[in-house]
Amino acid sequence: VQRVVINNVPPTASLNGPYSGQPGQPISFAATATDPAPADMAAGLHFAWDFDYSPNVFTTQASGIGLTNVTYTYAVPDDYVVAVRVSDKNGGSTLITAPVTVRYTTTTLSLSSVADAYLNQDAANNNYGSDTIMYVKADDSGHQRRSLVKFDLSSVPSGSTIVSASLKMYADSVPGTERTHGVYKITAAWVESTAKWSLAPSATATSTAISYTPASPGWVTWNVTADVQAFLGGSATNFGWLLKDVNEN
């Protein structure tokens, strides 16, 4: 009499990868597997998934017969390991892993204004929305000028995290002495074709940011990150900014 021992051969599996994605966005994973036993294949192979696998610690987060394709959303950027354990009906199993890189994707958008106008204290009832130049002027005898500007932010992808935002204007003509210009978040609606000094929209009392006039014509930049975050986050309405001299009088 001769004793014969027949051992179960576990499935052979593969896991595509490496994988990458962004926090808050689902990542799709796909695995394949075969088993040398026709009966095991007919019964169906069982797939158990762990999306944050640590060596020797397997936590099943999704499982099922034939569950070869799954998605998972990571909340925090980091380096992860996805693991899948493939088992046949006789208990044979194979564990395979793949690296997952989760990072924010940084994209820079350059937007032109959709509305801009300047306000002239000398002609308080006049509209200058069609002018090609915007003015800022400090004067203590009723000759002040301010400017309004607004941007359409609808092209910013939904769910984006605003890392930084800058407002840039070109100083075509500069004063003889350095001036401090501030941008103030506008808090009421306005229209380019009707904006005027006598009907100027309200704005915050405190400037969002300040910048100094250059010694010669050139670009001037203000950091408006907090305002853009508020606009896109819904805690403030995007009416744009008022530009004026911080020390008008």
# chains A, B, ... in the order shown; residues from 1 in each chain; ligands from 1

call {"tool": "residues_around", "arguments": {"residues": "Ala33 of chain A", "least_positions_apart": "3", "cutoff": "10 Å", "atoms": "only C-alpha atoms", "output": "VMD selection string"}}
result
chain A and resid 11 to 15 41 45 to 47 66 68 86 to 87 94

call {"tool": "write_last_selection", "arguments": {"atoms": "N, CA and C atoms", "output": "PDB file, in the first residue's frame"}}
result
ATOM      1  N   PRO A  11      -4.065  29.774  -5.738  1.00  0.00           N
ATOM      2  CA  PRO A  11      -4.232  30.526  -6.986  1.00  0.00           C
ATOM      3  C   PRO A  11      -2.971  31.322  -7.330  1.00  0.00           C
ATOM      4  N   THR A  12      -2.816  31.605  -8.590  1.00  0.00           N
ATOM      5  CA  THR A  12      -1.787  32.527  -9.060  1.00  0.00           C
ATOM      6  C   THR A  12      -2.456  33.862  -9.351  1.00  0.00           C
ATOM      7  N   ALA A  13      -1.929  34.930  -8.753  1.00  0.00           N
ATOM      8  CA  ALA A  13      -2.610  36.224  -8.860  1.00  0.00           C
ATOM      9  C   ALA A  13      -1.643  37.324  -9.279  1.00  0.00           C
ATOM     10  N   SER A  14      -2.206  38.373  -9.851  1.00  0.00           N
ATOM     11  CA  SER A  14      -1.427  39.568 -10.192  1.00  0.00           C
ATOM     12  C   SER A  14      -2.265  40.804  -9.869  1.00  0.00           C
ATOM     13  N   LEU A  15      -1.561  41.861  -9.517  1.00  0.00           N
ATOM     14  CA  LEU A  15      -2.215  43.113  -9.136  1.00  0.00           C
ATOM     15  C   LEU A  15      -1.568  44.247  -9.922  1.00  0.00           C
ATOM     16  N   MET A  41     -11.914  27.049 -10.043  1.00  0.00           N
ATOM     17  CA  MET A  41     -12.273  28.143 -10.926  1.00  0.00           C
ATOM     18  C   MET A  41     -13.788  28.204 -11.116  1.00  0.00           C
ATOM     19  N   LEU A  45     -13.159  32.356  -7.341  1.00  0.00           N
ATOM     20  CA  LEU A  45     -12.107  32.725  -6.400  1.00  0.00           C
ATOM     21  C   LEU A  45     -12.556  33.911  -5.547  1.00  0.00           C
ATOM     22  N   HIS A  46     -12.139  33.887  -4.304  1.00  0.00           N
ATOM     23  CA  HIS A  46     -12.525  34.925  -3.348  1.00  0.00           C
ATOM     24  C   HIS A  46     -11.411  35.964  -3.250  1.00  0.00           C
ATOM     25  N   PHE A  47     -11.800  37.249  -3.362  1.00  0.00           N
ATOM     26  CA  PHE A  47     -10.843  38.349  -3.293  1.00  0.00           C
ATOM     27  C   PHE A  47     -11.121  39.187  -2.048  1.00  0.00           C
ATOM     28  N   GLY A  66     -15.019  36.776  -6.929  1.00  0.00           N
ATOM     29  CA  GLY A  66     -14.831  37.458  -8.200  1.00  0.00           C
ATOM     30  C   GLY A  66     -14.692  38.964  -8.112  1.00  0.00           C
ATOM     31  N   THR A  68     -12.743  41.465  -8.531  1.00  0.00           N
ATOM     32  CA  THR A  68     -11.438  41.777  -9.114  1.00  0.00           C
ATOM     33  C   THR A  68     -11.202  43.272  -9.282  1.00  0.00           C
ATOM     34  N   VAL A  86      -6.159  36.365  -2.515  1.00  0.00           N
ATOM     35  CA  VAL A  86      -7.024  35.565  -3.385  1.00  0.00           C
ATOM     36  C   VAL A  86      -7.049  34.141  -2.849  1.00  0.00           C
ATOM     37  N   SER A  87      -8.258  33.623  -2.624  1.00  0.00           N
ATOM     38  CA  SER A  87      -8.402  32.286  -2.024  1.00  0.00           C
ATOM     39  C   SER A  87      -9.317  31.417  -2.892  1.00  0.00           C
ATOM     40  N   THR A  94      -3.263  33.307  -1.925  1.00  0.00           N
ATOM     41  CA  THR A  94      -2.077  34.042  -2.349  1.00  0.00           C
ATOM     42  C   THR A  94      -2.275  35.511  -2.013  1.00  0.00           C
TER      43      THR A  94
END

call {"tool": "residues_around", "arguments": {"residues": "segment 131-136 of chain A", "least_positions_apart": "5", "cutoff": "12 Å", "atoms": "only C-alpha atoms", "output": "PyMOL selection string"}}
result
chain A and resi 115-121+126+143-149+169-175+179-183+192-193+213+242-248

call {"tool": "write_last_selection", "arguments": {"atoms": "N, CA, C and O atoms", "output": "compact mmCIF listing (two decimals), in the first residue's frame"}}
result
# COMPACT_ATOMS: atom_id res chain seq x y z
N ALA A 115 -14.48 91.92 -15.31
CA ALA A 115 -15.06 93.26 -15.13
C ALA A 115 -14.01 94.13 -14.44
O ALA A 115 -13.33 93.68 -13.51
N ASP A 116 -13.87 95.37 -14.91
CA ASP A 116 -12.98 96.31 -14.25
C ASP A 116 -13.40 97.73 -14.61
O ASP A 116 -13.91 97.98 -15.71
N ALA A 117 -13.23 98.62 -13.69
CA ALA A 117 -13.61 100.02 -13.88
C ALA A 117 -12.90 100.85 -12.84
O ALA A 117 -12.46 100.34 -11.81
N TYR A 118 -12.79 102.14 -13.11
CA TYR A 118 -12.26 103.02 -12.07
C TYR A 118 -13.31 104.03 -11.66
O TYR A 118 -14.25 104.33 -12.41
N LEU A 119 -13.17 104.52 -10.45
CA LEU A 119 -14.12 105.48 -9.86
C LEU A 119 -13.42 106.82 -9.70
O LEU A 119 -12.31 106.89 -9.14
N ASN A 120 -14.05 107.87 -10.16
CA ASN A 120 -13.44 109.20 -10.19
C ASN A 120 -14.24 110.15 -9.30
O ASN A 120 -15.41 110.46 -9.59
N GLN A 121 -13.62 110.58 -8.22
CA GLN A 121 -14.31 111.50 -7.31
C GLN A 121 -14.61 112.84 -7.97
O GLN A 121 -15.59 113.50 -7.62
N ASN A 126 -20.06 109.73 -13.23
CA ASN A 126 -19.61 109.20 -14.52
C ASN A 126 -19.15 107.76 -14.39
O ASN A 126 -18.59 107.35 -13.37
N HIS A 143 -10.02 114.79 -5.16
CA HIS A 143 -9.65 114.29 -6.49
C HIS A 143 -9.19 112.83 -6.44
O HIS A 143 -8.35 112.42 -7.22
N GLN A 144 -9.77 112.08 -5.54
CA GLN A 144 -9.33 110.69 -5.38
C GLN A 144 -9.88 109.80 -6.49
O GLN A 144 -10.93 110.08 -7.07
N ARG A 145 -9.13 108.72 -6.76
CA ARG A 145 -9.58 107.73 -7.72
C ARG A 145 -9.31 106.33 -7.16
O ARG A 145 -8.30 106.10 -6.50
N ARG A 146 -10.24 105.46 -7.45
CA ARG A 146 -10.13 104.06 -7.02
C ARG A 146 -10.48 103.16 -8.21
O ARG A 146 -11.06 103.62 -9.18
N SER A 147 -10.18 101.88 -8.07
CA SER A 147 -10.48 100.94 -9.16
C SER A 147 -11.16 99.69 -8.62
O SER A 147 -10.94 99.29 -7.47
N LEU A 148 -11.97 99.08 -9.47
CA LEU A 148 -12.66 97.84 -9.17
C LEU A 148 -12.24 96.77 -10.16
O LEU A 148 -12.04 97.07 -11.35
N VAL A 149 -12.13 95.54 -9.68
CA VAL A 149 -11.77 94.44 -10.58
C VAL A 149 -12.40 93.15 -10.08
O VAL A 149 -12.52 92.93 -8.87
N MET A 169 -1.44 93.43 -11.23
CA MET A 169 -1.79 94.54 -12.10
C MET A 169 -0.52 95.21 -12.59
O MET A 169 0.48 95.29 -11.86
N TYR A 170 -0.58 95.72 -13.81
CA TYR A 170 0.59 96.38 -14.38
C TYR A 170 0.49 97.88 -14.16
O TYR A 170 -0.48 98.52 -14.55
N ALA A 171 1.49 98.44 -13.48
CA ALA A 171 1.55 99.87 -13.24
C ALA A 171 2.16 100.54 -14.47
O ALA A 171 3.37 100.53 -14.66
N ASP A 172 1.29 101.11 -15.29
CA ASP A 172 1.76 101.74 -16.53
C ASP A 172 2.40 103.09 -16.25
O ASP A 172 3.32 103.52 -16.94
N SER A 173 1.89 103.78 -15.24
CA SER A 173 2.43 105.07 -14.83
C SER A 173 2.54 105.08 -13.31
O SER A 173 1.60 104.64 -12.62
N VAL A 174 3.65 105.51 -12.77
CA VAL A 174 3.88 105.43 -11.32
C VAL A 174 4.11 106.83 -10.74
O VAL A 174 4.59 107.73 -11.44
N PRO A 175 3.77 107.02 -9.46
CA PRO A 175 3.97 108.33 -8.84
C PRO A 175 5.45 108.59 -8.55
O PRO A 175 6.27 107.67 -8.57
N ARG A 179 4.01 104.84 -2.96
CA ARG A 179 2.71 104.82 -2.31
C ARG A 179 2.35 103.39 -1.94
O ARG A 179 2.82 102.43 -2.54
N THR A 180 1.51 103.28 -0.93
CA THR A 180 1.03 101.97 -0.49
C THR A 180 -0.38 101.77 -1.02
O THR A 180 -1.30 102.52 -0.68
N HIS A 181 -0.57 100.76 -1.85
CA HIS A 181 -1.88 100.46 -2.41
C HIS A 181 -2.42 99.18 -1.80
O HIS A 181 -1.71 98.18 -1.70
N GLY A 182 -3.67 99.23 -1.40
CA GLY A 182 -4.30 98.07 -0.80
C GLY A 182 -5.44 97.55 -1.66
O GLY A 182 -6.08 98.31 -2.40
N VAL A 183 -5.70 96.25 -1.57
CA VAL A 183 -6.88 95.66 -2.20
C VAL A 183 -7.85 95.27 -1.09
O VAL A 183 -7.46 94.69 -0.07
N GLU A 192 -19.80 96.56 -14.40
CA GLU A 192 -18.77 97.36 -15.03
C GLU A 192 -19.34 98.58 -15.75
O GLU A 192 -18.79 99.68 -15.68
N SER A 193 -20.45 98.41 -16.43
CA SER A 193 -21.01 99.47 -17.26
C SER A 193 -21.74 100.55 -16.48
O SER A 193 -22.10 101.58 -17.05
N THR A 213 4.02 100.87 -4.76
CA THR A 213 4.23 101.24 -6.16
C THR A 213 5.70 101.12 -6.52
O THR A 213 6.58 101.48 -5.74
N LEU A 242 -11.64 96.03 -4.51
CA LEU A 242 -11.47 97.47 -4.65
C LEU A 242 -10.00 97.78 -4.44
O LEU A 242 -9.40 97.30 -3.47
N LEU A 243 -9.41 98.56 -5.33
CA LEU A 243 -8.01 98.96 -5.22
C LEU A 243 -7.95 100.45 -4.92
O LEU A 243 -8.54 101.25 -5.65
N LYS A 244 -7.26 100.81 -3.84
CA LYS A 244 -7.13 102.23 -3.51
C LYS A 244 -5.85 102.46 -2.73
O LYS A 244 -5.19 101.53 -2.25
N ASP A 245 -5.48 103.73 -2.61
CA ASP A 245 -4.33 104.12 -1.80
C ASP A 245 -4.73 103.95 -0.33
O ASP A 245 -5.81 104.35 0.09
N VAL A 246 -3.85 103.32 0.44
CA VAL A 246 -4.15 103.08 1.84
C VAL A 246 -4.28 104.40 2.61
O VAL A 246 -5.05 104.52 3.58
N ASN A 247 -3.54 105.43 2.20
CA ASN A 247 -3.57 106.74 2.86
C ASN A 247 -4.11 107.78 1.86
O ASN A 247 -3.38 108.64 1.37
N GLU A 248 -5.41 107.68 1.60
CA GLU A 248 -5.99 108.51 0.54
C GLU A 248 -5.87 110.01 0.83
O GLU A 248 -5.74 110.80 -0.10

call {"tool": "closest_residue", "arguments": {"among": "A:Tyr128, A:Phe239, A:Tyr104, A:Tyr80", "to": "Lys196 of chain A", "atoms": "only C-alpha atoms"}}
result
A:Tyr128

call {"tool": "closest_atom_pairs", "arguments": {"of": "segment 109-218 of chain A", "to": "segment 223-226 of chain A", "cutoff": "7 Å", "atoms": "only C-alpha atoms", "output": "Markdown table"}}
result
| residue | atom | partner | partner_atom | distance |
| --- | --- | --- | --- | --- |
| A:Ser164 | CA | A:Thr225 | CA | 5.0 |
| A:Ala165 | CA | A:Thr225 | CA | 4.4 |
| A:Ser166 | CA | A:Asn223 | CA | 4.7 |
| A:Leu167 | CA | A:Val224 | CA | 6.4 |
| A:Thr208 | CA | A:Val224 | CA | 6.5 |
| A:Ala209 | CA | A:Asn223 | CA | 6.0 |

call {"tool": "write_last_selection", "arguments": {"atoms": "N, CA and C atoms", "output": "PDB file, in the first residue's frame"}}
result
ATOM      1  N   SER A 164      -2.278  78.988  -3.199  1.00  0.00           N
ATOM      2  CA  SER A 164      -1.931  80.409  -3.225  1.00  0.00           C
ATOM      3  C   SER A 164      -2.696  81.084  -4.353  1.00  0.00           C
ATOM      4  N   ALA A 165      -2.962  82.365  -4.180  1.00  0.00           N
ATOM      5  CA  ALA A 165      -3.638  83.157  -5.203  1.00  0.00           C
ATOM      6  C   ALA A 165      -3.076  84.571  -5.154  1.00  0.00           C
ATOM      7  N   SER A 166      -2.760  85.089  -6.320  1.00  0.00           N
ATOM      8  CA  SER A 166      -2.181  86.431  -6.406  1.00  0.00           C
ATOM      9  C   SER A 166      -2.980  87.274  -7.383  1.00  0.00           C
ATOM     10  N   LEU A 167      -3.165  88.523  -7.036  1.00  0.00           N
ATOM     11  CA  LEU A 167      -3.750  89.509  -7.928  1.00  0.00           C
ATOM     12  C   LEU A 167      -2.612  90.353  -8.474  1.00  0.00           C
ATOM     13  N   THR A 208      -7.187  93.370   2.256  1.00  0.00           N
ATOM     14  CA  THR A 208      -6.759  91.981   2.174  1.00  0.00           C
ATOM     15  C   THR A 208      -5.244  91.899   2.111  1.00  0.00           C
ATOM     16  N   ALA A 209      -4.651  92.784   1.340  1.00  0.00           N
ATOM     17  CA  ALA A 209      -3.194  92.806   1.174  1.00  0.00           C
ATOM     18  C   ALA A 209      -2.789  94.195   0.702  1.00  0.00           C
TER      19      ALA A 209
END
